[in-house]
$ cat final27.txt   # compact mmCIF, C-alpha atoms and all ligand atoms
# COMPACT_ATOMS: atom_id res chain seq x y z
CA MET A 30 -17.71 -3.37 164.92
CA ALA A 31 -15.56 -6.15 163.51
CA VAL A 32 -16.80 -9.72 163.64
CA PHE A 33 -14.19 -12.45 163.36
CA LYS A 34 -15.26 -15.98 162.47
CA ASN A 35 -12.04 -17.77 161.61
CA ALA A 36 -8.42 -18.00 162.58
CA LEU A 37 -5.42 -19.61 160.99
CA VAL A 38 -2.56 -20.63 163.27
CA ARG A 39 0.58 -22.66 162.72
CA LYS A 40 1.89 -25.27 165.14
CA PRO A 41 5.29 -24.25 166.57
CA CYS A 42 8.15 -26.19 164.99
CA ARG A 43 11.04 -27.62 167.05
CA ASN A 44 13.35 -25.30 165.15
CA MET A 45 11.56 -22.30 166.70
CA VAL A 46 14.28 -22.22 169.36
CA ASN A 47 16.51 -20.81 166.61
CA GLY A 48 14.07 -18.07 165.66
CA LEU A 49 15.05 -14.45 165.16
CA THR A 50 15.23 -12.37 168.29
CA SER A 51 16.51 -9.15 169.78
CA ALA A 52 15.26 -10.08 173.26
CA ALA A 53 17.74 -11.19 175.87
CA LEU A 54 15.27 -13.52 177.58
CA GLY A 55 16.93 -16.85 176.86
CA ARG A 56 16.13 -19.75 174.58
CA PRO A 57 12.48 -20.81 174.31
CA ASP A 58 11.43 -24.09 175.92
CA TYR A 59 9.74 -26.00 173.08
CA ASP A 60 7.40 -28.10 175.22
CA LYS A 61 6.29 -25.05 177.13
CA ALA A 62 5.75 -23.19 173.85
CA LEU A 63 3.58 -26.05 172.57
CA ALA A 64 1.43 -25.94 175.71
CA GLN A 65 1.12 -22.15 175.49
CA HIS A 66 0.16 -22.44 171.84
CA GLU A 67 -2.54 -25.00 172.63
CA ALA A 68 -3.96 -22.70 175.31
CA TYR A 69 -3.91 -19.88 172.75
CA VAL A 70 -5.89 -21.97 170.27
CA GLN A 71 -8.43 -22.80 172.98
CA ALA A 72 -8.72 -19.09 173.78
CA LEU A 73 -9.43 -18.27 170.13
CA ARG A 74 -12.12 -20.96 170.11
CA SER A 75 -13.62 -19.52 173.29
CA CYS A 76 -13.96 -16.21 171.39
CA GLY A 77 -16.12 -17.99 168.82
CA LEU A 78 -13.48 -18.59 166.13
CA ASP A 79 -13.24 -21.63 163.92
CA VAL A 80 -9.49 -22.31 164.17
CA THR A 81 -7.48 -24.09 161.47
CA VAL A 82 -4.07 -25.30 162.62
CA LEU A 83 -1.45 -25.60 159.88
CA ALA A 84 1.24 -28.24 160.30
CA GLU A 85 4.59 -27.12 161.62
CA ASP A 86 7.23 -25.93 159.14
CA GLU A 87 10.70 -26.94 160.32
CA THR A 88 12.36 -25.10 157.44
CA HIS A 89 11.24 -21.74 158.85
CA ALA A 90 12.12 -21.21 162.51
CA ASP A 91 9.72 -18.25 162.87
CA SER A 92 6.78 -19.84 161.06
CA VAL A 93 4.60 -19.95 164.19
CA PHE A 94 4.27 -16.16 163.80
CA ILE A 95 1.76 -16.64 161.01
CA GLU A 96 0.28 -13.15 161.24
CA ASP A 97 3.26 -11.84 159.31
CA THR A 98 2.41 -13.84 156.20
CA ALA A 99 -0.81 -12.12 155.12
CA VAL A 100 -3.17 -9.18 155.51
CA LEU A 101 -6.82 -10.20 155.45
CA SER A 102 -10.12 -8.41 154.92
CA GLU A 103 -13.59 -9.59 153.87
CA LYS A 104 -12.88 -8.57 150.28
CA VAL A 105 -9.32 -9.63 149.62
CA ALA A 106 -6.43 -11.63 151.05
CA VAL A 107 -3.01 -10.11 150.49
CA ILE A 108 -0.11 -12.53 150.75
CA ALA A 109 2.82 -10.77 152.35
CA ARG A 110 6.50 -10.94 151.49
CA PRO A 111 8.54 -11.12 154.70
CA GLY A 112 11.35 -8.63 155.08
CA ALA A 113 13.50 -11.02 157.10
CA PRO A 114 15.30 -13.21 154.52
CA SER A 115 15.03 -16.29 156.75
CA ARG A 116 11.25 -15.90 156.75
CA LEU A 117 10.78 -15.74 152.98
CA GLY A 118 8.70 -18.73 151.90
CA GLU A 119 6.61 -18.98 155.08
CA GLU A 120 3.82 -17.38 153.11
CA ASP A 121 3.50 -20.21 150.55
CA ASP A 122 1.55 -22.65 152.73
CA VAL A 123 -0.59 -19.81 154.02
CA ALA A 124 -1.46 -18.77 150.47
CA ALA A 125 -2.42 -22.37 149.73
CA ALA A 126 -4.64 -22.48 152.83
CA LEU A 127 -6.36 -19.19 151.94
CA ARG A 128 -6.86 -19.90 148.24
CA SER A 129 -10.03 -21.92 148.78
CA ARG A 130 -11.47 -19.27 151.10
CA TYR A 131 -10.81 -16.13 149.06
CA ALA A 132 -11.94 -15.34 145.51
CA GLN A 133 -9.51 -12.42 145.54
CA LEU A 134 -5.95 -13.31 146.49
CA GLU A 135 -3.18 -10.82 145.77
CA SER A 136 0.52 -10.78 146.67
CA ILE A 137 3.25 -8.33 147.53
CA ALA A 138 6.01 -8.62 144.93
CA ALA A 139 9.77 -7.91 145.07
CA PRO A 140 11.31 -5.51 145.77
CA GLY A 141 8.44 -4.87 148.16
CA THR A 142 8.57 -6.40 151.61
CA LEU A 143 5.69 -6.48 154.03
CA GLU A 144 4.97 -8.35 157.27
CA GLY A 145 1.43 -8.53 158.60
CA GLY A 146 2.58 -7.54 162.07
CA ASP A 147 3.07 -4.09 160.61
CA VAL A 148 -0.59 -3.72 159.68
CA PHE A 149 -3.60 -2.95 161.80
CA ARG A 150 -7.13 -2.34 160.70
CA ALA A 151 -9.65 0.05 162.21
CA GLY A 152 -12.95 -0.31 160.35
CA ASP A 153 -12.27 0.58 156.73
CA ARG A 154 -8.90 2.15 157.55
CA PHE A 155 -5.64 0.25 157.41
CA PHE A 156 -2.40 1.52 158.98
CA VAL A 157 0.93 0.15 157.78
CA GLY A 158 4.18 0.52 159.69
CA ILE A 159 7.30 1.29 157.68
CA SER A 160 9.79 -0.76 159.63
CA GLY A 161 12.90 -2.87 159.34
CA ARG A 162 10.62 -5.55 157.83
CA THR A 163 8.11 -3.56 155.76
CA ASN A 164 9.59 -1.22 153.20
CA PRO A 165 7.89 1.75 151.49
CA GLU A 166 7.43 -0.30 148.30
CA GLY A 167 5.65 -3.08 150.19
CA ALA A 168 3.41 -0.52 151.87
CA ARG A 169 2.75 1.14 148.51
CA GLN A 170 1.69 -2.17 146.93
CA LEU A 171 -0.56 -2.99 149.88
CA GLY A 172 -2.10 0.47 149.58
CA MET A 173 -2.81 0.00 145.86
CA ILE A 174 -4.50 -3.35 146.51
CA LEU A 175 -6.58 -2.27 149.49
CA LYS A 176 -7.66 1.02 147.93
CA LYS A 177 -9.11 -0.92 144.95
CA HIS A 178 -11.38 -2.59 147.49
CA GLY A 179 -12.51 0.66 149.11
CA TYR A 180 -10.19 0.83 152.10
CA SER A 181 -7.98 3.75 153.08
CA VAL A 182 -4.33 3.10 153.86
CA THR A 183 -1.98 5.24 155.95
CA SER A 184 1.75 4.57 156.33
CA VAL A 185 3.25 5.10 159.77
CA PRO A 186 7.05 5.29 160.05
CA LEU A 187 8.40 3.32 163.00
CA ARG A 188 11.35 4.49 165.06
CA GLU A 189 11.93 1.84 167.72
CA VAL A 190 9.80 -1.27 167.63
CA LEU A 191 9.93 -4.37 165.42
CA HIS A 192 6.39 -4.18 164.05
CA LEU A 193 3.57 -1.63 164.25
CA LYS A 194 1.52 -4.07 166.34
CA THR A 195 4.41 -4.46 168.76
CA GLY A 196 3.23 -1.08 170.01
CA VAL A 197 -0.48 -0.73 169.24
CA ALA A 198 -3.68 -2.79 169.34
CA TYR A 199 -7.02 -1.66 167.97
CA LEU A 200 -9.80 -2.08 170.55
CA GLU A 201 -12.75 -1.07 168.33
CA ASN A 202 -14.86 2.04 169.12
CA ASN A 203 -12.01 4.18 167.78
CA ARG A 204 -9.79 3.17 170.73
CA LEU A 205 -6.16 2.28 170.35
CA LEU A 206 -4.06 0.65 173.04
CA ALA A 207 -0.62 2.19 172.57
CA CYS A 208 2.78 2.65 174.11
CA GLY A 209 6.08 4.42 173.51
CA GLU A 210 6.53 6.09 170.15
CA PHE A 211 2.82 5.73 169.34
CA LEU A 212 1.52 7.78 172.26
CA ASP A 213 2.12 11.02 170.40
CA GLN A 214 2.18 9.87 166.78
CA PRO A 215 0.24 12.55 164.80
CA LEU A 216 -0.87 9.96 162.23
CA LEU A 217 -2.78 8.18 165.00
CA SER A 218 -4.19 11.30 166.65
CA ALA A 219 -7.77 10.61 165.48
CA PHE A 220 -7.90 7.65 167.87
CA GLU A 221 -8.71 7.75 171.56
CA ILE A 222 -5.42 6.45 172.94
CA VAL A 223 -5.44 4.03 175.87
CA PRO A 224 -1.86 4.49 177.09
CA ILE A 225 0.41 1.77 178.37
CA ALA A 226 3.27 2.63 180.71
CA ALA A 227 6.79 1.78 179.57
CA ALA A 228 7.07 -0.96 182.20
CA GLU A 229 4.17 -2.81 180.56
CA ALA A 230 5.05 -2.06 176.92
CA TYR A 231 4.87 -5.73 175.92
CA ALA A 232 1.12 -5.70 176.72
CA ALA A 233 0.52 -3.35 173.78
CA ASN A 234 0.47 -6.52 171.71
CA SER A 235 -3.00 -7.48 172.91
CA VAL A 236 -5.80 -8.65 170.61
CA TRP A 237 -9.47 -7.63 170.52
CA ILE A 238 -11.64 -10.52 169.32
CA ASN A 239 -15.43 -10.32 169.27
CA GLY A 240 -15.73 -8.28 172.47
CA ARG A 241 -12.93 -9.93 174.45
CA VAL A 242 -9.33 -8.81 174.72
CA LEU A 243 -6.52 -11.36 174.83
CA VAL A 244 -3.76 -9.84 176.98
CA PRO A 245 -0.37 -11.32 177.83
CA SER A 246 -0.33 -12.43 181.46
CA GLY A 247 1.92 -10.56 183.86
CA PHE A 248 0.82 -7.01 183.05
CA PRO A 249 -1.72 -6.18 185.77
CA GLN A 250 -2.01 -2.45 185.15
CA THR A 251 -2.96 -2.92 181.50
CA LYS A 252 -5.48 -5.62 182.40
CA GLU A 253 -7.00 -3.42 185.10
CA ASN A 254 -7.17 -0.40 182.76
CA LEU A 255 -8.89 -2.44 180.06
CA GLU A 256 -11.39 -3.86 182.54
CA ALA A 257 -12.11 -0.36 183.87
CA LEU A 258 -13.05 0.58 180.30
CA GLY A 259 -15.49 -2.35 180.19
CA TYR A 260 -13.43 -4.91 178.29
CA ASP A 261 -13.58 -8.60 179.17
CA THR A 262 -9.92 -9.62 179.32
CA LEU A 263 -8.44 -13.06 178.77
CA PRO A 264 -4.84 -13.30 180.06
CA LEU A 265 -2.57 -15.79 178.32
CA ASP A 266 1.00 -16.80 179.06
CA VAL A 267 3.12 -16.34 175.92
CA SER A 268 6.52 -16.17 177.62
CA GLU A 269 8.19 -18.57 175.15
CA PHE A 270 7.09 -16.51 172.15
CA ARG A 271 8.15 -13.29 173.85
CA LYS A 272 11.68 -14.70 173.86
CA LEU A 273 11.49 -14.46 170.05
CA ASP A 274 10.04 -10.94 169.96
CA GLY A 275 6.60 -12.44 169.29
CA GLY A 276 3.29 -11.94 171.01
CA LEU A 277 -0.41 -12.65 170.97
CA SER A 278 -1.28 -11.06 167.65
CA CYS A 279 1.66 -12.67 165.82
CA LEU A 280 0.34 -16.17 166.52
CA SER A 281 -2.77 -16.00 164.34
CA LEU A 282 -4.48 -14.58 161.30
CA ARG A 283 -8.01 -13.62 162.26
CA PHE A 284 -10.72 -13.09 159.67
N1 LIG B 301 11.04 -13.83 165.77
C1 LIG B 301 10.04 -13.16 165.05
C2 LIG B 301 10.59 -12.26 164.04
O1 LIG B 301 11.65 -11.69 164.27
O2 LIG B 301 10.07 -12.08 162.98
$ encode --input "final27.txt" --output "structure tokens"
Amino acid sequence: MAVFKNALVRKPCRNMVNGLTSAALGRPDYDKALAQHEAYVQALRSCGLDVTVLAEDETHADSVFIEDTAVLSEKVAVIARPGAPSRLGEEDDVAAALRSRYAQLESIAAPGTLEGGDVFRAGDRFFVGISGRTNPEGARQLGMILKKHGYSVTSVPLREVLHLKTGVAYLENNRLLACGEFLDQPLLSAFEIVPIAAAEAYAANSVWINGRVLVPSGFPQTKENLEALGYDTLPLDVSEFRKLDGGLSCLSLRF
């Protein structure tokens, strides 16, 4: 079972209200987002993580979604290369923050693009979504790097969602919380799927951390289903990040 000790998060910048979005949920309220982010950091700490908060980056509206900037394992940190042009460069400060923690730091190079939201790990297996943000070349490079360190890597083409982890969350014990296009994805058929109904699809972006599951608040069926399976859930309001297509996993790098 995974053990997470650290998390890297980035304070929301005021410019986040201009972040990329396909949601029609309105403009985020910055002060509310700050409060939600602080509660999120406290939740990570309550799961036993040592949390480092990077300063806000006003030059990148989406920089609070730090998960997209790297893929981390015990053996290597891979610095991503965002597929959204406005997000290119977010990864630089993250690389600087990780350099002192990782002996092995590698990077995705052009023309590859890769966003960490497209990657989930299940033990020694990594799954990479081929999406509007992560291209086959980015996935290929990630595969080459991770395979050198003994991991297996499987590419999963996406049809509908922004990132792979928009629609799945690994819950350990070979269980995958999943919705929509991932309920019958043959590449994920080795997992025991915990299905999410379409009405609660946003809750697929939950996060297992050291025995607890962070779930977005407002999705009672998912919370109840997880609790029935024995998980200790921790609901968090991330409404202002949802307005930017973001969710619980996007707000941190956990390692
Ligand atoms: N707003 C988050 C993203 O589109 O990457």
$ closest_residue --input "final27.txt" --among "A:Gln214, A:Thr81, A:Asn164, A:Ser235" --to "Gly141 in chain A" --atoms "all atoms listed in the file"
A:Asn164
$ closest_residue --input "final27.txt" --among "A:Arg56, A:Arg188, A:Arg74, A:Arg204" --to "ligand LIG 301 (chain B)" --atoms "all atoms listed in the file"
A:Arg56
$ residues_near_point --input "final27.txt" --point "(3.0, 1.5, 163.8)" --cutoff "9 Å" --atoms "only C-alpha atoms" --output "list in words"
Asp147, Val148, Phe149, Phe156, Val157, Gly158, Ile159, Ser160, Ser184, Val185, Pro186, Leu187, Arg188, Val190, His192, Leu193, Lys194, Thr195, Gly196, Val197, Glu210, Phe211, Gln214 and Leu217 of chain A
$ atom_distance --input "final27.txt" --atom1 "CA of Gly77 in chain A" --atom2 "CA of Val236 in chain A"
14.0 Å
$ residues_near_ligand --input "final27.txt" --ligand "ligand LIG 301 (chain B)" --cutoff "8 Å" --atoms "all atoms listed in the file" --output "list in words"
Gly48, Leu49, Thr50, Ser51, Asp91, Phe94, Asp97, Ala113, Arg116, Leu191, Phe270, Leu273, Asp274 and Gly275 of chain A
$ closest_residue --input "final27.txt" --among "A:Leu200, A:Ala232, A:Ile174, A:Ala109" --to "Glu96 in chain A" --atoms "only C-alpha atoms"
A:Ala109
$ closest_residue --input "final27.txt" --among "A:Asp153, A:Asp261, A:Asp79, A:Glu144" --to "Lys176 in chain A" --atoms "all atoms listed in the file"
A:Asp153
$ closest_residue --input "final27.txt" --among "A:Ser181, A:Ser75, A:Gln250, A:Asn47" --to "Asn35 in chain A" --atoms "only C-alpha atoms"
A:Ser75
